[in-house]
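Enquirer: File run35.cif follows (mmCIF, C-alpha atoms):
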data_coords
loop_
_atom_site.label_atom_id
_atom_site.label_comp_id
_atom_site.auth_asym_id
_atom_site.auth_seq_id
_atom_site.Cartn_x
_atom_site.Cartn_y
_atom_site.Cartn_z
CA MET A 207 -36.91 42.95 72.57
CA LYS A 208 -33.64 41.10 72.46
CA ASN A 209 -33.55 37.44 73.57
CA ILE A 210 -37.33 37.21 74.02
CA PRO A 211 -38.85 34.41 71.90
CA ARG A 212 -41.05 35.53 69.01
CA ILE A 213 -44.08 33.42 68.07
CA PHE A 214 -46.07 33.83 64.85
CA ILE A 215 -49.86 33.91 65.28
CA ASP A 216 -51.83 33.27 62.11
CA HIS A 217 -54.95 35.22 63.07
CA GLU A 218 -55.91 38.73 64.09
CA ILE A 219 -54.79 39.56 67.64
CA LYS A 220 -55.10 42.57 69.93
CA THR A 221 -54.24 43.56 73.49
CA GLY A 222 -56.30 41.62 76.02
CA ASP A 223 -56.94 38.59 73.79
CA SER A 224 -56.50 35.12 75.24
CA PHE A 225 -56.29 32.06 73.02
CA PRO A 226 -55.24 28.38 73.20
CA VAL A 227 -51.70 27.49 72.11
CA ASP A 228 -50.29 24.36 70.52
CA LYS A 229 -48.42 21.94 72.75
CA SER A 230 -45.31 22.53 70.63
CA VAL A 231 -45.36 26.27 71.45
CA SER A 232 -45.95 25.58 75.13
CA HIS A 233 -43.08 23.08 75.22
CA TYR A 234 -40.75 25.44 73.37
CA LEU A 235 -41.38 28.31 75.77
CA SER A 236 -41.50 26.31 79.00
CA HIS A 237 -38.85 23.65 78.43
CA VAL A 238 -36.54 25.01 75.75
CA MET A 239 -36.50 28.74 76.45
CA ARG A 240 -37.56 28.31 80.12
CA THR A 241 -39.83 31.34 80.14
CA ASN A 242 -43.51 32.15 80.05
CA LYS A 243 -42.99 35.51 78.35
CA CYS A 244 -42.73 36.00 74.61
CA ILE A 245 -43.59 38.28 71.74
CA VAL A 246 -46.44 37.31 69.43
CA PHE A 247 -46.69 38.80 65.94
CA GLY A 248 -48.55 38.63 62.68
CA ARG A 249 -50.23 40.76 60.01
CA GLY A 250 -47.81 43.62 60.62
CA HIS A 251 -48.15 43.95 64.40
CA GLU A 252 -46.19 42.74 67.42
CA PHE A 253 -47.31 42.37 71.06
CA ASN A 254 -45.90 41.30 74.38
CA ALA A 255 -47.55 38.10 75.58
CA GLU A 256 -47.52 35.64 78.46
CA LEU A 257 -48.12 31.90 78.61
CA ALA A 258 -50.49 30.74 81.34
CA THR A 259 -49.05 28.61 84.16
CA ASP A 260 -50.86 25.55 82.83
CA GLY A 261 -49.24 26.11 79.42
CA LYS A 262 -52.57 25.96 77.60
CA THR A 263 -53.38 29.58 76.81
CA MET A 264 -51.61 32.78 75.79
CA THR A 265 -52.64 36.26 76.90
CA VAL A 266 -51.79 39.22 74.68
CA GLY A 267 -50.33 42.31 76.35
CA ALA A 268 -49.37 45.72 75.03
CA ASP A 269 -48.33 46.48 71.47
CA THR A 270 -44.53 46.75 71.42
CA GLY A 271 -44.62 49.67 69.00
CA HIS A 272 -42.17 47.85 66.72
CA ALA A 273 -42.88 48.81 63.11
CA ASP A 274 -42.95 46.05 60.54
CA VAL A 275 -39.73 45.92 58.49
CA VAL A 276 -41.30 44.01 55.60
CA SER A 277 -41.07 45.76 52.22
CA ASP A 278 -43.65 45.60 49.44
CA ILE A 279 -41.48 43.28 47.35
CA THR A 280 -42.66 40.20 45.45
CA LEU A 281 -40.01 37.62 44.51
CA TYR A 282 -40.76 35.54 41.42
CA PHE A 283 -38.34 32.62 41.39
CA ALA A 284 -37.74 29.29 39.73
CA PRO A 285 -37.79 26.44 42.30
CA ILE A 286 -34.24 25.18 42.83
CA LYS A 287 -32.57 22.35 44.71
CA ARG A 288 -32.07 24.69 47.67
CA THR A 289 -35.49 26.29 47.62
CA ASP A 290 -35.51 26.05 51.42
CA ASP A 291 -32.42 28.27 51.62
CA LEU A 292 -33.93 30.75 49.17
CA ILE A 293 -37.17 30.97 51.18
CA ALA A 294 -35.28 31.41 54.46
CA MET A 295 -32.91 34.10 53.19
CA ALA A 296 -35.48 36.09 51.24
CA THR A 297 -37.88 36.05 54.20
CA GLN A 298 -35.09 37.43 56.39
CA MET A 299 -34.65 40.21 53.82
CA GLY A 300 -38.24 41.25 54.51
CA ILE A 301 -40.20 40.50 51.35
CA LYS A 302 -43.98 40.40 51.10
CA LYS A 303 -44.67 37.53 48.70
CA PHE A 304 -43.12 34.56 46.88
CA VAL A 305 -44.33 33.40 43.46
CA PRO A 306 -42.73 30.16 42.17
CA VAL A 307 -42.24 30.21 38.40
CA ILE A 308 -41.72 27.13 36.23
CA THR A 309 -39.11 27.98 33.59
CA GLU A 310 -37.58 25.86 30.83
CA HIS A 311 -34.54 25.02 32.96
CA THR A 312 -36.43 24.42 36.22
CA VAL A 313 -35.38 21.02 37.59
CA ASN A 314 -37.12 20.95 40.99
CA HIS A 315 -40.79 20.23 40.34
CA HIS A 316 -41.54 18.50 43.64
CA VAL A 317 -41.19 21.14 46.34
CA ASN A 318 -42.92 20.53 49.68
CA TRP A 319 -44.64 23.91 49.88
CA GLU A 320 -46.09 23.20 53.32
CA ARG A 321 -42.53 22.80 54.59
CA MET A 322 -41.50 26.01 52.80
CA ARG A 323 -44.30 27.81 54.67
CA LYS A 324 -42.90 26.55 57.99
CA ILE A 325 -39.43 27.74 56.99
CA ALA A 326 -40.82 31.19 56.15
CA ILE A 327 -42.51 31.36 59.57
CA GLU A 328 -39.33 30.35 61.40
CA SER A 329 -37.31 32.89 59.41
CA ALA A 330 -39.78 35.70 60.18
CA GLU A 331 -39.66 34.81 63.88
CA GLN A 332 -35.87 35.00 63.84
CA SER A 333 -35.50 38.13 61.71
CA ASN A 334 -37.68 40.67 63.53
CA CYS A 335 -40.34 40.79 60.80
CA ASN A 336 -43.95 41.33 61.90
CA SER A 337 -45.35 39.53 58.86
CA VAL A 338 -44.78 36.19 57.14
CA PRO A 339 -44.59 36.33 53.33
CA GLU A 340 -47.30 34.68 51.29
CA ILE A 341 -46.22 31.75 49.10
CA ALA A 342 -48.40 31.66 45.99
CA ALA A 343 -49.13 28.62 43.84
CA PRO A 344 -46.53 27.94 41.10
CA ILE A 345 -47.19 29.42 37.67
CA LYS A 346 -45.58 28.87 34.27
CA PHE A 347 -43.16 31.43 32.81
CA ASP A 348 -45.42 32.09 29.82
CA LYS A 349 -48.22 33.20 32.17
CA LEU A 350 -46.17 36.04 33.68
CA ASN A 351 -46.76 39.70 32.95
CA LEU A 352 -43.11 40.29 32.08
CA SER A 353 -43.51 44.02 31.45
CA SER A 354 -44.05 44.63 35.18
CA LEU A 355 -40.91 42.80 36.33
CA CYS A 356 -37.26 43.47 36.79
CA PHE A 357 -35.09 40.39 36.47
CA ALA A 358 -31.64 39.20 37.46
CA ASP A 359 -29.81 39.28 34.11
CA GLU A 360 -26.71 37.09 34.16
CA ARG A 361 -25.70 38.32 30.70
CA PHE A 362 -24.16 41.41 32.32
CA ALA A 363 -21.62 39.18 34.07
CA TYR A 364 -20.05 38.40 30.70
CA GLY A 365 -19.42 42.09 29.96
CA ASP A 366 -21.32 42.12 26.68
CA LYS A 367 -23.03 45.40 27.57
CA PRO A 368 -22.76 48.01 30.31
CA ALA A 369 -24.71 47.38 33.52
CA PRO A 370 -27.90 49.44 33.84
CA GLU A 371 -28.88 51.66 36.71
CA ASN A 372 -30.66 49.83 39.54
CA PRO A 373 -34.44 50.15 39.14
CA THR A 374 -35.40 52.45 41.99
CA ASP A 375 -39.18 52.04 41.75
CA ALA A 376 -39.35 48.28 41.15
CA ASN A 377 -41.08 46.01 43.65
CA ALA A 378 -41.18 42.73 41.70
CA ILE A 379 -38.09 40.66 40.89
CA LEU A 380 -37.66 37.53 38.78
CA VAL A 381 -34.74 35.18 39.47
CA GLY A 382 -34.01 32.16 37.27
CA PRO A 383 -33.07 28.56 38.11
CA GLU A 384 -29.64 26.92 38.41
CA GLY A 385 -29.27 26.77 34.62
CA GLY A 386 -30.38 30.34 34.10
CA PHE A 387 -33.02 31.55 31.69
CA SER A 388 -33.26 29.96 28.24
CA GLU A 389 -32.60 31.95 25.08
CA SER A 390 -36.33 32.07 24.32
CA GLU A 391 -37.04 33.34 27.85
CA PHE A 392 -34.42 36.07 27.53
CA ALA A 393 -36.01 37.02 24.19
CA ALA A 394 -39.45 37.17 25.80
CA LEU A 395 -38.15 39.31 28.68
CA ASP A 396 -36.43 41.70 26.30
CA ALA A 397 -39.45 41.94 24.00
CA ALA A 398 -41.83 42.65 26.88
CA GLY A 399 -39.68 45.44 28.25
CA ALA A 400 -38.78 43.69 31.50
CA ILE A 401 -36.12 45.63 33.41
CA PRO A 402 -32.72 43.88 33.48
CA MET A 403 -30.71 44.02 36.69
CA SER A 404 -26.97 43.39 36.96
CA LEU A 405 -25.80 41.42 40.00
CA GLY A 406 -22.11 41.95 39.34
CA LYS A 407 -19.36 40.29 37.35
CA THR A 408 -19.75 36.75 38.69
CA ILE A 409 -22.39 34.07 38.16
CA LEU A 410 -24.18 33.55 41.46
CA ARG A 411 -26.14 30.69 42.96
CA ALA A 412 -29.86 31.34 42.52
CA GLU A 413 -30.51 31.78 46.24
CA VAL A 414 -27.64 34.28 46.54
CA ALA A 415 -28.84 36.12 43.43
CA ALA A 416 -32.26 36.50 45.02
CA VAL A 417 -30.85 38.10 48.16
CA ILE A 418 -28.65 40.56 46.24
CA ALA A 419 -31.50 41.49 43.90
CA ILE A 420 -33.78 42.19 46.86
CA GLU A 421 -31.14 44.36 48.51
CA LYS A 422 -30.69 46.40 45.33
CA ILE A 423 -34.33 47.52 45.29
CA ARG A 424 -35.25 47.34 48.96
CA LYS A 425 -36.42 50.74 50.19
#
Would you encode the structure as structure tokens?

Expert:
Amino acid sequence: MKNIPRIFIDHEIKTGDSFPVDKSVSHYLSHVMRTNKCIVFGRGHEFNAELATDGKTMTVGADTGHADVVSDITLYFAPIKRTDDLIAMATQMGIKKFVPVITEHTVNHHVNWERMRKIAIESAEQSNCNSVPEIAAPIKFDKLNLSSLCFADERFAYGDKPAPENPTDANAILVGPEGGFSESEFAALDAAGAIPMSLGKTILRAEVAAVIAIEKIRK
């Protein structure tokens, strides 16, 4: 449905439902987009909808039949200075869940996660996803089950060893912070049997590395 505004609804909806809408949504549709028609989505489904003439309620119409493009991918990532960019880009790539990980070189310990949630919603609205990824509470690196992860391994960029095949059945990726993983973290990843992933011959910004890693395993 090209050029029709998409609005995320954070509760179960079905055809025929009518529910109150926030003033911000009403203003956006009526005064910014100058329409009373939109698409509402959430939890994997998408419906046509119409704003009432008084701007106070929304009525849900037919299911659009648009299949959700979100993949079953979880992105484990170290919070970075541009965490907002990482959230926006990875959401647009269609991932299911974010898990912030505090590593030895993590420098951003004061992320506004409520704002990150809003960015994820806006990115899902823009990118044709029918779901908004969950953002889990931050955890420490030493609490991870490393054996179940593949990780962006910057060591391949230095040509010390041949790049491995892309993991075709992986659905969980770990991306490090601006300073990369520490030597002890690399040792822990290697010892646990985590799957290394090459992102090419250059050292990438963390948010760019996340997008490329997602694309390599996205099904």

Enquirer: List, as an mmCIF file with C-alpha atoms, in the frame of the given file, every residue that the PyMOL selection byres ((chain A and resi 270) around 10) selects in the file provided.

Expert:
data_model
loop_
_atom_site.group_PDB
_atom_site.id
_atom_site.type_symbol
_atom_site.label_atom_id
_atom_site.label_comp_id
_atom_site.auth_asym_id
_atom_site.auth_seq_id
_atom_site.Cartn_x
_atom_site.Cartn_y
_atom_site.Cartn_z
ATOM 1 C CA MET A 207 -36.910 42.950 72.570
ATOM 2 C CA ILE A 245 -43.590 38.280 71.740
ATOM 3 C CA VAL A 246 -46.440 37.310 69.430
ATOM 4 C CA PHE A 247 -46.690 38.800 65.940
ATOM 5 C CA HIS A 251 -48.150 43.950 64.400
ATOM 6 C CA GLU A 252 -46.190 42.740 67.420
ATOM 7 C CA PHE A 253 -47.310 42.370 71.060
ATOM 8 C CA ASN A 254 -45.900 41.300 74.380
ATOM 9 C CA GLY A 267 -50.330 42.310 76.350
ATOM 10 C CA ALA A 268 -49.370 45.720 75.030
ATOM 11 C CA ASP A 269 -48.330 46.480 71.470
ATOM 12 C CA GLY A 271 -44.620 49.670 69.000
ATOM 13 C CA HIS A 272 -42.170 47.850 66.720
ATOM 14 C CA ALA A 273 -42.880 48.810 63.110
#

Enquirer: Hey, what comes out of the PyMOL selection byres ((chain A and resi 358-367) around 12) on this file? Could you write it as number ranges by chain?

Expert: A: 281-284, 355-357, 368-370, 372-373, 378-389, 391-393, 395-396, 400-420, 422-423

Enquirer: Please provide the set of residues having any atom within 8 Å of Pro339 (chain A), restricted to all atoms listed in the file, with same-chain residues fewer than 6 positions apart removed, written as a ChimeraX atom specification.

Expert: /A:297,301-304,326

Enquirer: Counting all atoms listed in the file, which of A:Phe214, A:Asp274, A:Asn209, A:Glu421 gets nearest to Asn336 (chain A)?

Expert: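 When distances to Asn336 (chain A) are compared using all atoms listed in the file, the smallest one comes from A:Asp274.
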
Enquirer: Measure the distance from CA of Thr263 (chain A) to CA of Cys335 (chain A) in Å and round it to one decimal.

Expert: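 For CA of Thr263 (chain A) relative to CA of Cys335 (chain A), the distance reads 23.5 Å.
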
Enquirer: Pick the closest to Thr241 (chain A) from A:Arg321, A:Lys220, A:Lys346, A:Arg212: which is it, counting all atoms listed in the file?

Expert: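 Smallest separation from Thr241 (chain A) among the options: A:Arg212.
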
Enquirer: With distances taken over only C-alpha atoms, which residue among A:Arg424, A:Arg288, A:Lys262, A:His217 lies nearest Leu235 (chain A)?

Expert: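 The closest residue to Leu235 (chain A) is A:Lys262.
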
Enquirer: From the list A:Asp260, A:Ala330, A:Ser353, A:Pro285, which residue is nearest His316 (chain A) when using all atoms listed in the file?

Expert: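 Using all atoms listed in the file, His316 (chain A) sits closest to A:Pro285.
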
Enquirer: Under the rule that all atoms listed in the file are counted, which of A:Ile308, A:Val276, A:Ala343, A:Ile327 is the nearest residue to Asp290 (chain A)?

Expert: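 Counting all atoms listed in the file, the residue closest to Asp290 (chain A) is A:Ile327.
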
Enquirer: CA of Asp278 (chain A) and CA of Asp291 (chain A) are how many Å apart?

Expert: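 A separation of 20.8 Å between them.
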
Enquirer: Interatomic distance between CA of Asn377 (chain A) and CA of Thr280 (chain A)?

Expert: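 CA of Thr280 (chain A) lies 6.3 Å from CA of Asn377 (chain A).
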
Enquirer: Which residue out of A:Glu310, A:Glu320, A:Asp375, A:Glu331 has the minimum interatomic distance to Gln298 (chain A) when all atoms listed in the file are used?

Expert: A:Glu331

Enquirer: Complete the atoms of region 399-410 of chain A to all heavy atoms and put them out as a short mmCIF file (atom, residue, chain, number, x, y, z; two decimals), in the frame of the given file.

Expert:
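Heads up, here's the output in rebuild_28.cif:
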data_model
loop_
_atom_site.label_atom_id
_atom_site.label_comp_id
_atom_site.auth_asym_id
_atom_site.auth_seq_id
_atom_site.Cartn_x
_atom_site.Cartn_y
_atom_site.Cartn_z
N GLY A 399 -40.14 44.26 27.56
CA GLY A 399 -39.68 45.44 28.25
C GLY A 399 -39.41 45.22 29.73
O GLY A 399 -39.40 46.18 30.51
N ALA A 400 -39.18 43.97 30.12
CA ALA A 400 -38.78 43.69 31.50
C ALA A 400 -37.47 44.40 31.80
O ALA A 400 -36.62 44.58 30.91
CB ALA A 400 -38.63 42.19 31.72
N ILE A 401 -37.29 44.82 33.04
CA ILE A 401 -36.12 45.63 33.41
C ILE A 401 -34.97 44.73 33.84
O ILE A 401 -35.07 44.02 34.84
CB ILE A 401 -36.47 46.58 34.56
CG1 ILE A 401 -37.68 47.45 34.19
CG2 ILE A 401 -35.28 47.45 34.92
CD1 ILE A 401 -38.25 48.21 35.36
N PRO A 402 -33.85 44.73 33.10
CA PRO A 402 -32.72 43.88 33.48
C PRO A 402 -31.95 44.47 34.66
O PRO A 402 -31.81 45.68 34.78
CB PRO A 402 -31.86 43.86 32.22
CG PRO A 402 -32.14 45.17 31.56
CD PRO A 402 -33.58 45.49 31.85
N MET A 403 -31.48 43.60 35.53
CA MET A 403 -30.71 44.02 36.69
C MET A 403 -29.37 43.27 36.71
O MET A 403 -29.33 42.05 36.58
CB MET A 403 -31.47 43.71 37.99
CG MET A 403 -30.68 43.98 39.27
SD MET A 403 -31.53 43.37 40.75
CE MET A 403 -32.84 44.57 40.88
N SER A 404 -28.29 44.00 36.84
CA SER A 404 -26.97 43.39 36.96
C SER A 404 -26.69 43.05 38.42
O SER A 404 -26.92 43.87 39.31
CB SER A 404 -25.89 44.34 36.45
OG SER A 404 -24.60 43.82 36.73
N LEU A 405 -26.18 41.83 38.66
CA LEU A 405 -25.80 41.42 40.00
C LEU A 405 -24.28 41.32 40.15
O LEU A 405 -23.78 40.68 41.07
CB LEU A 405 -26.46 40.08 40.35
CG LEU A 405 -27.99 40.07 40.29
CD1 LEU A 405 -28.52 38.71 40.74
CD2 LEU A 405 -28.59 41.18 41.12
N GLY A 406 -23.56 41.95 39.24
CA GLY A 406 -22.11 41.95 39.34
C GLY A 406 -21.45 41.15 38.24
O GLY A 406 -22.10 40.72 37.28
N LYS A 407 -20.16 40.91 38.41
CA LYS A 407 -19.36 40.29 37.35
C LYS A 407 -19.19 38.78 37.51
O LYS A 407 -18.45 38.16 36.74
CB LYS A 407 -17.98 40.96 37.30
CG LYS A 407 -18.05 42.44 36.96
CD LYS A 407 -16.66 43.06 36.91
CE LYS A 407 -16.75 44.54 36.55
NZ LYS A 407 -15.40 45.18 36.49
N THR A 408 -19.84 38.19 38.50
CA THR A 408 -19.75 36.75 38.69
C THR A 408 -21.13 36.11 38.55
O THR A 408 -22.15 36.76 38.72
CB THR A 408 -19.18 36.39 40.08
OG1 THR A 408 -20.03 36.95 41.09
CG2 THR A 408 -17.77 36.93 40.24
N ILE A 409 -21.14 34.81 38.24
CA ILE A 409 -22.39 34.07 38.16
C ILE A 409 -22.69 33.52 39.55
O ILE A 409 -21.88 32.79 40.13
CB ILE A 409 -22.28 32.91 37.15
CG1 ILE A 409 -21.92 33.46 35.75
CG2 ILE A 409 -23.58 32.13 37.09
CD1 ILE A 409 -22.95 34.41 35.19
N LEU A 410 -23.84 33.87 40.08
CA LEU A 410 -24.18 33.55 41.46
C LEU A 410 -25.13 32.37 41.54
O LEU A 410 -25.89 32.09 40.61
CB LEU A 410 -24.85 34.77 42.11
CG LEU A 410 -24.08 36.08 42.06
CD1 LEU A 410 -24.96 37.22 42.58
CD2 LEU A 410 -22.80 35.98 42.89
#
